[in-house]
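Visitor: Below are the structure tokens for one structure; questions will follow.
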Amino acid sequence: MQRREFLSISLLLPTLANSSSTQAKAYQIIEAVIHHMFTHTRYQKAIFGANIIGFISTTINHLSYDKDIKAFILHHALEFDKVNNHTFLDASYFGKEMMLRGYERYPMGQNWLYQIQLLAFEAIYSAPVYGVNVEKKFWKLLGVEGGKPSPQKRYIDV
Amino acid sequence: MYDAIIIGSGASGSIAAFTLAKAGYKIAIIEKGDYLHRDEFSKDELAYTRRNITTPNIFDEYHIIEYLGSNDKWVSKPSYELGYSFFNGNIVGGSSNFMSGMFHRMHPDDFRLFDKYGDIEGADVANWAIDYKELAPYYDQIEKLVGISGRYKPHHYEPLRTNPSYPYPPTKENQVVSLIDKSAKELGITTLTTPRAILTMPQDSRDSCYYSNFCGSYGCSSGAKGSGMEAFISKISQMPNVTLITNTQAIKLHTSKSDTIEYVECIDTKTKQHKKLYAKQFILAAQAHESVRLLLNSSSKEHPKGLGNSSNMLGKNMIYSAGGVITASLYKDTLKGLEFSQLMQEGLFVNRSIKDWYFLDGYKGGLAEFMFAPQSIIAKASKHNIQNGHLIWGKALDDMLEFRFHQQKSLRVEIFNDWLPNDECYMSVDKRYKDIYGMPVGKLRLYSHPHNQKVAYQLANKIKPLLKQMNCQDIQTNISKLPPPNLIAGGCRFGEDAKRSYLDKNCKSHDITNLYIVDASFMPTGGSVPYTWTIYANALRVATHVLRLY
């Protein structure tokens with residue numbers, strides 16, 4: 001019943017990512033986190049070449065997405081960058097690993113990372129029409145079949 | 001003016017509309033959502049299971065939830081704070097579009113639980129106003145109309161059937177059922193084939209099941225699933241005497257004389273325009289809690305406590321499905337008596353249920369239903385990725401996904417037992433909070449009688465040895481005091497005594513001459529089975545009664 005407690009702090013803090021430049025920065029951080037999470041996996045090459053951030057920004061800005069979770073994700077992207085003195089994007093693999101594991105020590109941090117991983121899964125394992133799982137490449141890498149019929153339209157376009 | 005307006009097009013509204021339309025009534029069906037046809041359904045995990053595109057935005061439409069907090073004090077929060085939505089499938093056909101189709105009749109003794117067990121302290125159990133024999137002919141008719149598949153096996157807790165055979169043979173089964181059957185037999189447990197509202201052969205314009213592997217939570221693309229939309233609405237929606245009004249929410253029932261509804265005030269959910277619809281009869285089928293909300297919000301000078309609420313029983317004795325879930329895993333390297341490839345064959349059903357403990361010594365027990373864990377890929381990939389306190393990523397994540405999708409199969413046993421009605425489990429409206437249409441939202445006070453959990457744990461303890469016998473690992477029981485938000489009943493209890501019930505035996509309001517309610521709100525108790533077959537059957541019974549009268 002306390003599912004949203006982890007969101008509460010993000011609603012109180014003033015640094016919500018609301019301008020286009022801060023939002024762009026937040027998405028940059030999120031993309032870098034996803035790239036890091038999928039480094040050394042079979043998905044690495046495909047993920048680096050996919051427009052995951054396009055998918056994420058489109059879906060989380062749709063009214064069907066929980067606005068509190070969206071605010072939480074974007075806010076913590078900036079917060080994470082801030083507490084690491086804006087060095088994350090240029091850090092080495094090991095540097096990024098240290099920063100992420102450091103942030104993960106806090107429950108808020110772990111929840112944020114979980115939400116990002118979830119968005120990444122949504123991007124790569126959703127139907128091909130959503131633009132990331134092109135020609136079912138991520139389903140093939142996992143060795144699974146999606147359901148049939150596969151959607152021909154994205155819900156966000158209907 | 002219509003002969004009848006049916007508010008809601010889910011399981012109950014669809015069969016009521018079908019019955020009246022076929023008899024030549026001029027009817028209107030009001031549905032708050034869209035009409036998604038069969039060919040518009042897809043297996044879009046993102047849309048249907050993660051973004052819930054067929055339910056309202058939780059910030060626009062919500063409920064106030066009251067529950068007992070950690071210090072046993074009542075806590076009240078909006079459902080958007082809790083992520084606990086009580087809206088289910090707001091499209092033509094309602095949530096029946098997304099069911100898994102496990103269909104069971106209630107047992108004859110379910111209709112007379114008070115007589116059988118007497119008073120239970122802290123509960124308000126009442127007998128039904130009808131008995132099994134009165135509902136059985138309608139169960140029979142629904143079986144054919146909806147198209148239920150199954151294989152009858154005599155069992156001492158299986159209700160008597162007019163015809164032992166189901167209209168259709170059972171759905172194809174995953175070979176895990178042989179392991180369940182064998183292990184159950186070794187322990188002296190009887191397994192039954194689960195009847196399903198899923199066609200295994202074509203019926204009229206509906207095709208048979210194509211075993212998509214994505215059934216529950218998804219709309220059906222072949223028409224095999226016996227949703228209200230497929231089984232009933234699609235067959236009448238083009239008739240000249242039928243008007244299907246979608247994207248329209250009923251917000252208030254207005255009376256002319258104090259005991260007669262004159263019109264229903266509605267709002268177009270897209271244009272926000274208000275309109276009035278007039279009819280001789282009004283049939284409410286909006287799902288139990290939303291029907292109660294509409295009636296409470298229809299209060300007036302003549303009906304200050306809610307429409308037709310002289311008994312003060314409106315909103316009282318809300319019930320849900322008690323029980324819980326046991327999860328377990330079968331692993332490739334420890335699987336016995338079955339090839340792992342057989343287990344991994346996709347799309348086939350785990351058609352097994354157990355009724356051996358439907359009645360326990362001195363009190364009511366319940367039903368156990370076997371199934372695989374949902375096959376949705378995103379859900380499966382994102383589950384249990386925290387190990388030793390850390391979220392996994394990189395190679396560890398890759399290895400975990402490989403293992404989870406190719407070395408393991410998760411089994412799930414759902415336990416259904418009675419949710420005892422009680423004075424602390426009810427619904428009201430909270431006028432301080434309004435939805436996007438300006439309608440006060442429903443306030444659900446959720447109290448689970450301790451007996452509910454006691455029975456659920458007893459059932460779980462009887463099932464776990466069977467899972468161990470199957471060599472299942474990681475067996476975990478999850479019994480909650482909070483109900484699943486999709487099985488909701490009560491709030492407009494039916495009964496002969498107008499002082500202790502809201503509806504009469506035929507589900508007509510005691511106070512209002514032209515108001516019938518056909519959704520699950522009439523139920524004083526819910527049985528220990530999913531409600532859908534009973535809802536269909538009772539709505540058919542009530543609609544048949546309306547035909548006889550008018």
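Residues in the structure tokens are numbered from 1 in each chain, the chains being A, B, ... in the order shown, and ligands are numbered from 1 in the order shown.
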Could you list, as a ChimeraX atom specification, every residue of chain B that has an atom within 6 Å of an atom of chain A, counting only C-alpha atoms?
Guide: /B:42-44,51,82,378,393-395,398
Visitor: DSSP on the backbone: which residues in stretch 28-242 of chain B end up as helix (DSSP H, G or I)? Give the answer as a PyMOL selection string.
Guide: chain B and resi 38-40+45-50+79-82+94-98+108-117+132-147+176-186+228-236
Visitor: Applying 7 Å and only C-alpha atoms, which residues near B:Gly306 remain after dropping the ones on its own chain fewer than 2 positions away? List them as a list in words.
Guide: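 Here the qualifying residues turn out to be Leu295, Leu296, Asn297, Ser298, Ser299, His303, Pro304, Gly308 and Asn309 of chain B.
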Visitor: Could you write out that same residue set with N, CA and C atoms as a JSON list (two decimals), in the first residue's frame?
Guide:
[["chain", "number", "residue", "atom", "x", "y", "z"],
["B", 295, "LEU", "N", -25.89, 5.40, -7.51],
["B", 295, "LEU", "CA", -27.10, 5.49, -6.69],
["B", 295, "LEU", "C", -26.91, 6.46, -5.52],
["B", 296, "LEU", "N", -25.74, 6.43, -4.92],
["B", 296, "LEU", "CA", -25.49, 7.38, -3.82],
["B", 296, "LEU", "C", -25.45, 8.82, -4.35],
["B", 297, "ASN", "N", -24.90, 8.98, -5.54],
["B", 297, "ASN", "CA", -24.83, 10.32, -6.13],
["B", 297, "ASN", "C", -26.17, 10.76, -6.72],
["B", 298, "SER", "N", -27.14, 9.86, -6.72],
["B", 298, "SER", "CA", -28.47, 10.21, -7.22],
["B", 298, "SER", "C", -29.40, 10.60, -6.07],
["B", 299, "SER", "N", -28.82, 10.99, -4.97],
["B", 299, "SER", "CA", -29.65, 11.41, -3.83],
["B", 299, "SER", "C", -30.43, 12.68, -4.21],
["B", 303, "HIS", "N", -34.88, 11.36, -1.61],
["B", 303, "HIS", "CA", -33.98, 10.23, -1.33],
["B", 303, "HIS", "C", -32.66, 10.78, -0.78],
["B", 304, "PRO", "N", -32.67, 11.31, 0.41],
["B", 304, "PRO", "CA", -31.47, 12.00, 0.92],
["B", 304, "PRO", "C", -30.27, 11.09, 1.16],
["B", 308, "GLY", "N", -33.46, 5.36, -3.49],
["B", 308, "GLY", "CA", -34.10, 4.11, -3.08],
["B", 308, "GLY", "C", -33.49, 3.48, -1.85],
["B", 309, "ASN", "N", -32.92, 4.32, -0.98],
["B", 309, "ASN", "CA", -32.14, 3.76, 0.13],
["B", 309, "ASN", "C", -32.87, 3.88, 1.47]]
Visitor: Nearest to A:Gly131: which of A:Ile69, A:His86, A:Ala50, A:His75 is it, counting only C-alpha atoms?
Guide: A:Ala50
Visitor: Excluding B:Ser521 and its own-chain neighbours fewer than 6 positions away, which residues fall within 6 Å of it when counting only C-alpha atoms? Please give them as a list in words.
Guide: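 Listing them by chain and then by number gives Ala288, Ala489, Gly490, Gly491 and Cys492 of chain B.
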Visitor: Keeping all heavy atoms, export the residues of the selection given above as a CSV table (one decimal), in the first residue's frame.
Guide:
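Output file out-v8.csv is given in full below:
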chain,number,residue,atom,x,y,z
B,288,ALA,N,-20.3,-3.5,-9.4
B,288,ALA,CA,-20.9,-3.3,-8.1
B,288,ALA,C,-20.6,-1.9,-7.5
B,288,ALA,O,-21.5,-1.1,-7.2
B,288,ALA,CB,-20.5,-4.4,-7.2
B,489,ALA,N,-18.2,-7.3,-5.5
B,489,ALA,CA,-19.7,-7.6,-5.4
B,489,ALA,C,-20.3,-7.0,-4.2
B,489,ALA,O,-19.6,-6.4,-3.4
B,489,ALA,CB,-19.9,-9.1,-5.4
B,490,GLY,N,-21.6,-7.1,-4.1
B,490,GLY,CA,-22.3,-6.6,-2.9
B,490,GLY,C,-22.5,-5.1,-3.0
B,490,GLY,O,-22.2,-4.5,-4.0
B,491,GLY,N,-23.1,-4.6,-1.9
B,491,GLY,CA,-23.4,-3.2,-1.9
B,491,GLY,C,-24.9,-2.9,-2.2
B,491,GLY,O,-25.4,-1.8,-1.8
B,492,CYS,N,-25.6,-3.8,-2.9
B,492,CYS,CA,-27.0,-3.6,-3.1
B,492,CYS,C,-27.7,-5.0,-2.9
B,492,CYS,O,-28.3,-5.6,-3.7
B,492,CYS,CB,-27.3,-3.2,-4.5
B,492,CYS,SG,-26.7,-1.6,-5.0
Visitor: How many Å lie between atom CA of B:Lys336 and atom CA of B:Lys153, rounded to one decimal?
Guide: 26.8 Å
Visitor: Of the candidates B:Leu367, B:Ile488, B:Leu515, B:Ile436, which one gets nearest to B:Glu61 if we count only C-alpha atoms?
Guide: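 Nearest to B:Glu61: B:Ile436.
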